[in-house]
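Structure record follows, encoded as C-alpha cells.
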Number of protein chains: 2
Amino acid sequence: LQCEVLAVGTELLLGQITDTNSAWIGARLAESGIDSLWQTKVGDNHARIVEALRTAVARSDAVIITGGLGPTQDDITREALAEVMGVELRRDEEVLDRIRTMFSSRGRSMPESNARQADVPEGATVIEQRRGTAPGLICPIGEGRVAYAVPGVPHEMAEMLERAVLPDLRSRGEVTTVIRSRVVRTWGEAESSIAERLGDHMRELDERGDRAPTIAFQASGIEGIKVRLTIKAPPDEADAVLAEEEAVVRGILGDIVFGVDEESMEHAIGELLRERGFCLGLAESVTGGLVGSRLTEAPGSSEWFRGSIVSYDSEVKFDLLGVPRGPVVNEATAEAMARGARRLLGSDVALAVTGVAGPAEQDGQPVGTVCFGVDVQGEVTSSTVRFPGEREMVRQFAAISLLDALRRRLLGAPAPARRG
Amino acid sequence: LQCEVLAVGTELLLGQITDTNSAWIGARLAESGIDSLWQTKVGDNHARIVEALRTAVARSDAVIITGGLGPTQDDITREALAEVMGVELRRDEEVLDRIRTMFSSRGRSMPESNARQADVPEGATVIEQRRGTAPGLICPIGEGRVAYAVPGVPHEMAEMLERAVLPDLRSRGEVTTVIRSRVVRTWGEAESSIAERLGDHMRELDERGDRAPTIAFQASGIEGIKVRLTIKAPPDEADAVLAEEEAVVRGILGDIVFGVDEESMEHAIGELLRERGFCLGLAESVTGGLVGSRLTEAPGSSEWFRGSIVSYDSEVKFDLLGVPRGPVVNEATAEAMARGARRLLGSDVALAVTGVAGPAEQDGQPVGTVCFGVDVQGEVTSSTVRFPGEREMVRQFAAISLLDALRRRLLGAPAPARRG
C-alpha cells in the first residue's frame with residue numbers, strides 16, 4: 001500500500017510556516033507499514049492542487065492532503081477534490097449544524113464564511129471534526145484510489161489521522177511489514193568515534209541482509225549523538241528485534257548511553273537522584289537558569305529539585321554564594337559555587353557552572369571555556385571543558401555536560417575520553 | 001522566473017528528520033523575487049529522483065535539489081543529475097584535492113568513500129565547498145533550464161545558496177517584484193480582538209487592491225500573536241511600504257506591540273532597563289529558571305541582569321527569600337518573593353513568579369494559576385492570571401507574561417484587557 005502526502009498552503013512555499021505535518025504523517029505511515037514515496041507542497045491555487053492530486057492518485061493508492069479546509073476564500077481543497085472526483089460540492093446540513101454548535105458553545109454566532117466548511121464533494125464521507133471547525137473528508141477517486149483531506153492545524157490533523165485516516169488506510173490492504181525505530185541516546189563521545197566502536201557490529205548486520213536492523217547516526221548538537229536502530233519487519237516481530245538490538249548496542253557503547261527515544265538527560269538525572277533519595281541544588285552563571293529550567297520541564301522534579309542560585313553578576317557569586325573575590329572562570333570558583341549552593345539551598349547534591357558564552361572572552365579565558373563543580377554530600381570535584389560554537393550553543397552544551405558530570409559521579413563512571 | 005525545490009532523503013519521508021530546508025529556500029526565493037510554486041520530497045531512489053527532476057524542469061525554469069551529496073552509497077543526487085543531463089560523471093581532481101585537504105587539516109586521512117563527492121556531471125559547474133566536504137553543482141539542462149545541487153546539512157546549504165545559487169538565479173531573469181514581510185509582535189490580546197481592531201484598516205487595504213500590503217495573523221502560542229505585513233512590490237519600494245504600514249498598525253494596536261521581526265520580549269525588557277539604568281533580579285518558582293535563561297540568551301544582558309533565586313521547593317522560599325510560611329500560590333507570596341530577590345541580589349527591580357504548572361493542583365489552586373510580583377525600587381505590585389494548556393505551556397506563558405508585566409510597569413501602561 002502506497003500513500004503520498006500533499007501539503008497545501010502558499011505560506012508553506014513562502015517559508016512563513018515550516019511544514020511539519022508531512023514529516024509527522026510520514027513517520028506514522030511508516031510505523032503503520034504503509035509506504036510513502038512522495039511528499040509534495042503546493043500553494044492555494046486550484047489548478048496546481050488538482051494537478052498534484054491527479055499525479056498522486058495516478059502513481060499511489062492513496063493521498064493525504066493537509067490544509068486548505070479553512071473558512072476563507074483561499075481555502076480551496078474541497079473544490080479541488082470535487083473536480084478530481086468529477087462531482088459537485090453539496091452543503092451538508094449535519095456538518096453545518098455541528099459548526100454552528102461549536103460557535104454557540106463559545107458564546108458566539110457563526111460567521112457566514114464558515115458555512116463553506118460544510119461543503120462536501122458528492123460521494124465523500126465526512127470525518128467528524130472534534131477539535132476545530134473543519135471536518136475531514138474521505139474521497140473515493142477512480143479505480144479503488146482514495147484521497148483523505150485533513151486540516152492543516154497540526155493537532156487537529158494528528159487527531160483525525162489517528163482516529164479515522166490510518167484505520168481506513170489499514171483496512172484497504174494487508175500490512176505485512178512495518179518500519180519501526182528506536183533511538184539510543186549518548187553523550188560524551190564524537191560521532192566518528194561511536195561509528196568506529198560500532199563498525200564491526202554494523203558490518204555483521206550488513207551481512208545478515210534485509211531482515212537485520214540498520215544503524216544510523218544523527219548528530220543532534222545539544223542532545224548528543226543519537227544512534228538510530230531501524231527495522232522493517234512483520235508487526236509482531238519488530239519490537240523484539242529492536243529490544244535485542246538495543247541490548248547489543250548498549251553493551252558495546254557502555255556508559256555514554258543515557259537513555260532511549262524520548263528519555264532525556266534530565267530524565268536520567270531524576271531517576272538517579274530518586275533511587276538514592278538525594279535532593280539537588282544548583283548554582284548557575286553562564287547558563288542563566290537554563291539547567292533549572294530543563295530539570296523542571298518534566299513533572300515530578302519537585303520530589304528532588306530544591307532550586308538554583310543564578311549568580312549571573314559576579315557580585316552575586318561573592319556576596320551570596322561566598323565565592324572569594326577574583327576571576328570567576330576557573331575550577332576553584334565552580335567548586336565554591338557548588339558548596340555555596342548546597343549550603344544555601346540545603347541540598348544533598350549541588351552542581352555549579354561558570355564560563356564564557358561570548359561574544360567576548362572573560363578573565364583571559366576564551367569563549368567556550370566552561371568550568372563545572374559537583375558537590376555530592378560535601379565531596380567536591382571540578383572539571384573544565386572548551387566548547388566550540390556560538391553563545392547559545394555553548395550555553396546548551398554547558399547545561400547537558402553539567403548534568404552528565406553528575407550522572408557519571410553518581411554512577412561511579414570515569415569522565416569520557418572526548419566530548420561530542 | 002520560477003524555481004522549484006526538491007528535497008532528497010528517505011529519512012525525510014520517514015519523518016526521522018523534518019525538512020526545514022525547503023521552507024528556508026522558499027523564503028529566500030520569495031524575498032529575491034523568484035516564484036516557487038512546487039516543493040517536493042523524494043527518498044534516496046534513483047528512478048524517483050530522476051522523475052522528480054524531469055517533472056520540475058518541464059514546468060519551471062530552475063530547480064534547487066538539496067541533499068544526497070554525501071559520501072555514502074545512498075547519496076545519489078550526482079548520478080540522477082547526470083542521467084537527466086544525459087552525460088557521464090567525471091572525477092574532478094581539483095575538487096578531490098580540496099576534500100583531501102579538508103581531512104588532512106583535521107589531522108585525518110580521507111576515507112576512500114569520500115572520493116565520490118568529487119564526481120561531477122560533464123558540463124556542470126562546481127560550487128566550491130566551504131563548510132563541509134560536498135561541493136555544490138550548477139547543471140544546465142535542456143533549453144535554458146538549470147538544476148542546482150546543494151548539500152542537505154542546513155548551514156552548508158544556506159551558505160551555498162546565498163553565495164552562489166541566488167546570484168546565479170538572479171542573473172537569469174529580471175526581477176521586477178519581490179515579496180517581503182515584516183512581523184509586528186504583540187502580547188496581551190486575543191487574535192479575534194486584534195483582528196477586530198484592525199478590521200476597518202484591512203478593508204481599506206483590500207479596496208486598494210494588488211499594490212497594497214496584506215495583513216495576516218499567526219497565533220504563535222508563547223510568542224504571542226504575530227501580525228504579518230506582506231507586500232509584493234518592486235525591490236526599491238517594498239521596504240518603504242512596509243515601514244509605513246508598520247507605523248499604521250502600531251498606531252492602531254498601541255502598547256500591546258512589543259517589537260518587530262526578531263525582536264523578542266527579552267529584547268524589549270533589556271532596552272527599557274538600559275534606558276533607565278536599572279538592574280534586574282528574579283525570584284522564580286514555577287518557571288524553574290526559564291525566565292533567567294531567556295533573559296541571558298542574548299549577549300549584553302550582563303549589563304542589567306544580576307541573577308535569579310530559583311526557589312522551586314517551598315522551604316527555599318521561606319528560608320532564603322523570607323516568604324512567610326503558608327500556602328505559596330498567591331499574590332502575597334509573589335510580592336514577598338520579589339522583595340526577597342531585590343534584597344538578596346541587590347537589584348533596582350525584581351520580578352517574581354509562583355504558580356501551578358500541573359499536572360496536579362496545589363494549595364487549592366487549579367493548574368494554570370500563576371501569580372506575578374513586580375518590585376520597582378521598593379514599590380511592589382502583583383497580579384494573578386489563569387493560563388490554559390499543559391505544564392510546559394503554562395511555564396512558557398508565565399515567563400513571557402512576567403516580562404510583559406514589567407514592560408507595562410516601566411512604560412506606565414495599564415494592564416491588558418485580556419491575555420492572548
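A note on labels: chains of the C-alpha cells are A, B, ... as shown, every chain counts residues from 1, and ligands are counted from 1 in their shown order.
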Should the cut-off be 7 Å, what would the residue list for chain A against chain B look like, counting only C-alpha atoms, as a short mmCIF file (atom, residue, chain, number, x, y, z; two decimals) with N, CA and C atoms, in the first residue's frame?
```
data_model
loop_
_atom_site.label_atom_id
_atom_site.label_comp_id
_atom_site.auth_asym_id
_atom_site.auth_seq_id
_atom_site.Cartn_x
_atom_site.Cartn_y
_atom_site.Cartn_z
N LEU A 12 3.33 27.97 3.17
CA LEU A 12 4.35 26.92 3.28
C LEU A 12 5.44 27.13 2.23
N LEU A 13 5.03 27.47 1.00
CA LEU A 13 6.01 27.70 -0.07
C LEU A 13 6.85 28.94 0.23
N LEU A 14 6.22 29.94 0.82
CA LEU A 14 6.94 31.18 1.13
C LEU A 14 7.82 31.03 2.36
N GLY A 15 7.71 29.89 3.03
CA GLY A 15 8.54 29.65 4.21
C GLY A 15 8.10 30.45 5.43
N GLN A 16 6.86 30.98 5.39
CA GLN A 16 6.37 31.71 6.57
C GLN A 16 6.02 30.72 7.68
N THR A 18 6.88 26.47 8.55
CA THR A 18 7.55 25.25 8.12
C THR A 18 6.56 24.10 8.18
N THR A 20 5.57 20.92 9.11
CA THR A 20 5.97 19.80 9.97
C THR A 20 4.98 18.65 9.85
N ALA A 23 6.21 15.45 7.69
CA ALA A 23 7.16 14.57 8.38
C ALA A 23 6.42 13.71 9.41
N TRP A 24 5.49 14.34 10.13
CA TRP A 24 4.76 13.60 11.16
C TRP A 24 3.90 12.50 10.53
N GLY A 26 4.43 11.13 7.60
CA GLY A 26 5.35 10.14 7.05
C GLY A 26 5.78 9.13 8.11
N ALA A 27 6.08 9.63 9.30
CA ALA A 27 6.51 8.74 10.39
C ALA A 27 5.39 7.78 10.78
N ALA A 30 4.92 5.09 8.10
CA ALA A 30 5.98 4.07 8.16
C ALA A 30 5.73 3.10 9.31
N SER A 36 5.41 5.57 1.89
CA SER A 36 5.14 6.92 1.44
C SER A 36 6.35 7.39 0.66
N LEU A 37 6.23 7.41 -0.67
CA LEU A 37 7.40 7.63 -1.51
C LEU A 37 7.51 9.05 -2.03
N TRP A 38 6.42 9.81 -1.95
CA TRP A 38 6.41 11.18 -2.45
C TRP A 38 5.71 12.08 -1.46
N GLN A 39 6.26 13.26 -1.26
CA GLN A 39 5.57 14.29 -0.49
C GLN A 39 5.69 15.60 -1.26
N THR A 40 4.59 16.31 -1.40
CA THR A 40 4.56 17.49 -2.25
C THR A 40 3.94 18.66 -1.49
N LYS A 41 4.42 19.87 -1.79
CA LYS A 41 3.79 21.08 -1.27
C LYS A 41 3.36 21.94 -2.44
N VAL A 42 2.12 22.44 -2.40
CA VAL A 42 1.66 23.42 -3.40
C VAL A 42 0.97 24.57 -2.68
N GLY A 43 0.80 25.67 -3.39
CA GLY A 43 0.13 26.84 -2.82
C GLY A 43 -1.38 26.74 -2.95
N THR A 287 24.84 29.78 32.28
CA THR A 287 23.61 29.21 31.74
C THR A 287 22.37 30.02 32.15
N GLY A 288 22.50 30.94 33.09
CA GLY A 288 21.45 31.91 33.38
C GLY A 288 20.12 31.35 33.90
N GLY A 289 20.04 30.04 34.21
CA GLY A 289 18.80 29.44 34.67
C GLY A 289 18.36 28.28 33.79
N LEU A 290 19.14 28.06 32.72
CA LEU A 290 18.79 27.03 31.75
C LEU A 290 18.76 25.63 32.35
N GLY A 292 18.19 24.70 35.53
CA GLY A 292 17.00 24.57 36.36
C GLY A 292 15.74 24.46 35.51
N SER A 293 15.69 25.26 34.46
CA SER A 293 14.53 25.24 33.59
C SER A 293 14.35 23.87 32.94
N THR A 296 13.15 21.17 35.43
CA THR A 296 11.77 21.28 35.91
C THR A 296 10.74 21.19 34.78
N GLU A 297 11.19 20.91 33.56
CA GLU A 297 10.23 20.75 32.46
C GLU A 297 9.29 19.58 32.71
N PRO A 299 7.13 16.89 34.94
CA PRO A 299 6.53 16.83 36.28
C PRO A 299 7.31 15.83 37.15
N SER A 302 9.80 18.17 41.40
CA SER A 302 9.70 18.78 42.74
C SER A 302 10.08 17.79 43.84
N PHE A 305 14.21 18.34 43.27
CA PHE A 305 14.88 19.61 42.92
C PHE A 305 14.53 20.69 43.93
N ARG A 306 15.57 21.27 44.58
CA ARG A 306 15.35 22.32 45.58
C ARG A 306 15.27 23.69 44.92
N GLY A 307 16.22 24.00 44.07
CA GLY A 307 16.25 25.31 43.45
C GLY A 307 17.62 25.64 42.91
N SER A 308 17.78 26.88 42.49
CA SER A 308 19.03 27.30 41.86
C SER A 308 19.36 28.74 42.23
N ILE A 309 20.63 29.00 42.46
CA ILE A 309 21.08 30.38 42.63
C ILE A 309 21.73 30.80 41.32
N VAL A 310 21.01 31.60 40.54
CA VAL A 310 21.57 32.09 39.29
C VAL A 310 22.38 33.34 39.60
N SER A 311 23.69 33.17 39.64
CA SER A 311 24.57 34.28 40.02
C SER A 311 25.25 34.79 38.76
N TYR A 312 24.47 35.50 37.95
CA TYR A 312 24.99 35.97 36.66
C TYR A 312 26.03 37.05 36.88
N ASP A 313 25.72 37.97 37.76
CA ASP A 313 26.65 39.05 38.10
C ASP A 313 27.66 38.51 39.13
N VAL A 316 27.01 38.74 42.89
CA VAL A 316 26.11 37.74 43.49
C VAL A 316 26.88 36.49 43.88
N LEU A 345 20.78 26.20 49.71
CA LEU A 345 19.56 25.51 49.29
C LEU A 345 19.28 24.27 50.13
N PRO A 359 29.84 37.10 23.49
CA PRO A 359 30.76 37.09 22.35
C PRO A 359 32.23 37.39 22.71
N GLU A 392 24.68 30.59 22.25
CA GLU A 392 23.61 29.72 22.70
C GLU A 392 24.04 28.27 22.69
#
```
Run DSSP on the backbone of this structure and report the residues of segment 86-280 of chain B it assigns to strand (DSSP E or B), as a ChimeraX atom specification.
/B:89-91,119-121,125-127,136-141,145-150,178-186,214-219,225-233,257-260,280
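Considering only C-alpha atoms, the residue among B:Ala62, B:Ile127, B:Leu166, B:Ala118 positioned nearest to Gly142 of chain B is B:Ala62.
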Would you return as number ranges by chain the members of segment 45-288 of chain B that DSSP assigns to helix (DSSP H, G or I) on this structure's backbone?
B: 46-59, 77-85, 93-105, 112-118, 154-172, 191-211, 221-223, 235-256, 265-276
Just the residues within 10 Å of segment 401-409 of chain B, please, counting only C-alpha atoms, with nothing from its chain fewer than 5 positions along; format it as JSON, numbers by chain.
{"B": [187, 188, 222, 224, 255, 256, 258, 265, 266, 268, 269, 270, 271, 272, 273, 291, 295, 349, 350, 351, 352, 353, 370, 371, 372, 373, 374, 375, 376, 381, 382, 383, 385, 395, 396, 414, 415, 416, 419, 420]}
Write out as a short mmCIF file (atom, residue, chain, number, x, y, z; two decimals) with all heavy atoms, in the first residue's frame the residues lying within 9 Å of Gly259 of chain A, counting only C-alpha atoms and excluding same-chain residues fewer than 6 positions away.
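In the end it all went to selection-v9.cif:
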```cif
data_model
loop_
_atom_site.label_atom_id
_atom_site.label_comp_id
_atom_site.auth_asym_id
_atom_site.auth_seq_id
_atom_site.Cartn_x
_atom_site.Cartn_y
_atom_site.Cartn_z
N VAL A 183 15.78 5.03 19.25
CA VAL A 183 16.95 5.89 19.29
C VAL A 183 17.70 5.68 20.59
O VAL A 183 17.14 5.85 21.67
CB VAL A 183 16.55 7.37 19.14
CG1 VAL A 183 17.76 8.28 19.32
CG2 VAL A 183 15.90 7.61 17.79
N VAL A 184 18.95 5.25 20.49
CA VAL A 184 19.82 5.12 21.66
C VAL A 184 20.58 6.42 21.80
O VAL A 184 21.26 6.85 20.87
CB VAL A 184 20.79 3.93 21.50
CG1 VAL A 184 21.76 3.87 22.68
CG2 VAL A 184 20.01 2.63 21.36
N ARG A 185 20.43 7.09 22.96
CA ARG A 185 20.99 8.44 23.12
C ARG A 185 22.28 8.43 23.91
O ARG A 185 22.38 7.80 24.96
CB ARG A 185 19.94 9.33 23.78
CG ARG A 185 18.65 9.30 22.96
CD ARG A 185 17.59 10.13 23.58
NE ARG A 185 18.02 11.53 23.62
CZ ARG A 185 17.21 12.53 23.93
NH1 ARG A 185 15.94 12.29 24.22
NH2 ARG A 185 17.65 13.76 23.95
N THR A 186 23.28 9.15 23.38
CA THR A 186 24.60 9.15 24.02
C THR A 186 25.09 10.57 24.27
O THR A 186 24.67 11.50 23.61
CB THR A 186 25.65 8.46 23.12
OG1 THR A 186 25.98 9.33 22.03
CG2 THR A 186 25.14 7.14 22.57
N MET A 265 18.45 13.60 29.19
CA MET A 265 19.44 13.59 30.26
C MET A 265 18.78 13.96 31.60
O MET A 265 19.12 13.39 32.64
CB MET A 265 20.55 14.58 29.91
CG MET A 265 21.67 14.64 30.90
SD MET A 265 22.65 13.12 30.99
CE MET A 265 23.78 13.39 29.61
N HIS A 267 15.81 13.29 32.55
CA HIS A 267 15.12 12.08 32.99
C HIS A 267 16.11 11.14 33.71
O HIS A 267 15.82 10.62 34.78
CB HIS A 267 14.49 11.39 31.77
CG HIS A 267 13.88 10.07 32.05
ND1 HIS A 267 12.56 9.93 32.43
CD2 HIS A 267 14.40 8.82 32.03
CE1 HIS A 267 12.29 8.65 32.62
NE2 HIS A 267 13.39 7.96 32.37
N ALA A 268 17.27 10.96 33.09
CA ALA A 268 18.29 10.07 33.68
C ALA A 268 18.71 10.58 35.06
O ALA A 268 18.83 9.81 36.02
CB ALA A 268 19.50 9.97 32.75
#
```
Quick one: residues within 8 Å of Val126 of chain A, only C-alpha atoms counted, chain neighbours fewer than 5 positions away excluded, as number ranges by chain?
A: 120, 135-138
Let's have the selection written as a PDB file, in the first residue's frame, with N, CA and C atoms.
```pdb
ATOM      1  N   VAL A 120     -19.341  19.427   1.004  1.00  0.00           N
ATOM      2  CA  VAL A 120     -18.767  18.085   0.901  1.00  0.00           C
ATOM      3  C   VAL A 120     -18.925  17.598  -0.542  1.00  0.00           C
ATOM      4  N   PRO A 135     -14.359  19.758   9.140  1.00  0.00           N
ATOM      5  CA  PRO A 135     -14.402  18.299   9.121  1.00  0.00           C
ATOM      6  C   PRO A 135     -13.365  17.773   8.131  1.00  0.00           C
ATOM      7  N   GLY A 136     -12.976  16.506   8.279  1.00  0.00           N
ATOM      8  CA  GLY A 136     -12.122  15.878   7.291  1.00  0.00           C
ATOM      9  C   GLY A 136     -12.963  15.173   6.246  1.00  0.00           C
ATOM     10  N   LEU A 137     -12.324  14.655   5.199  1.00  0.00           N
ATOM     11  CA  LEU A 137     -13.060  14.011   4.116  1.00  0.00           C
ATOM     12  C   LEU A 137     -12.340  12.743   3.681  1.00  0.00           C
ATOM     13  N   ILE A 138     -13.127  11.722   3.369  1.00  0.00           N
ATOM     14  CA  ILE A 138     -12.588  10.527   2.713  1.00  0.00           C
ATOM     15  C   ILE A 138     -13.216  10.484   1.328  1.00  0.00           C
TER      16      ILE A 138
END
```
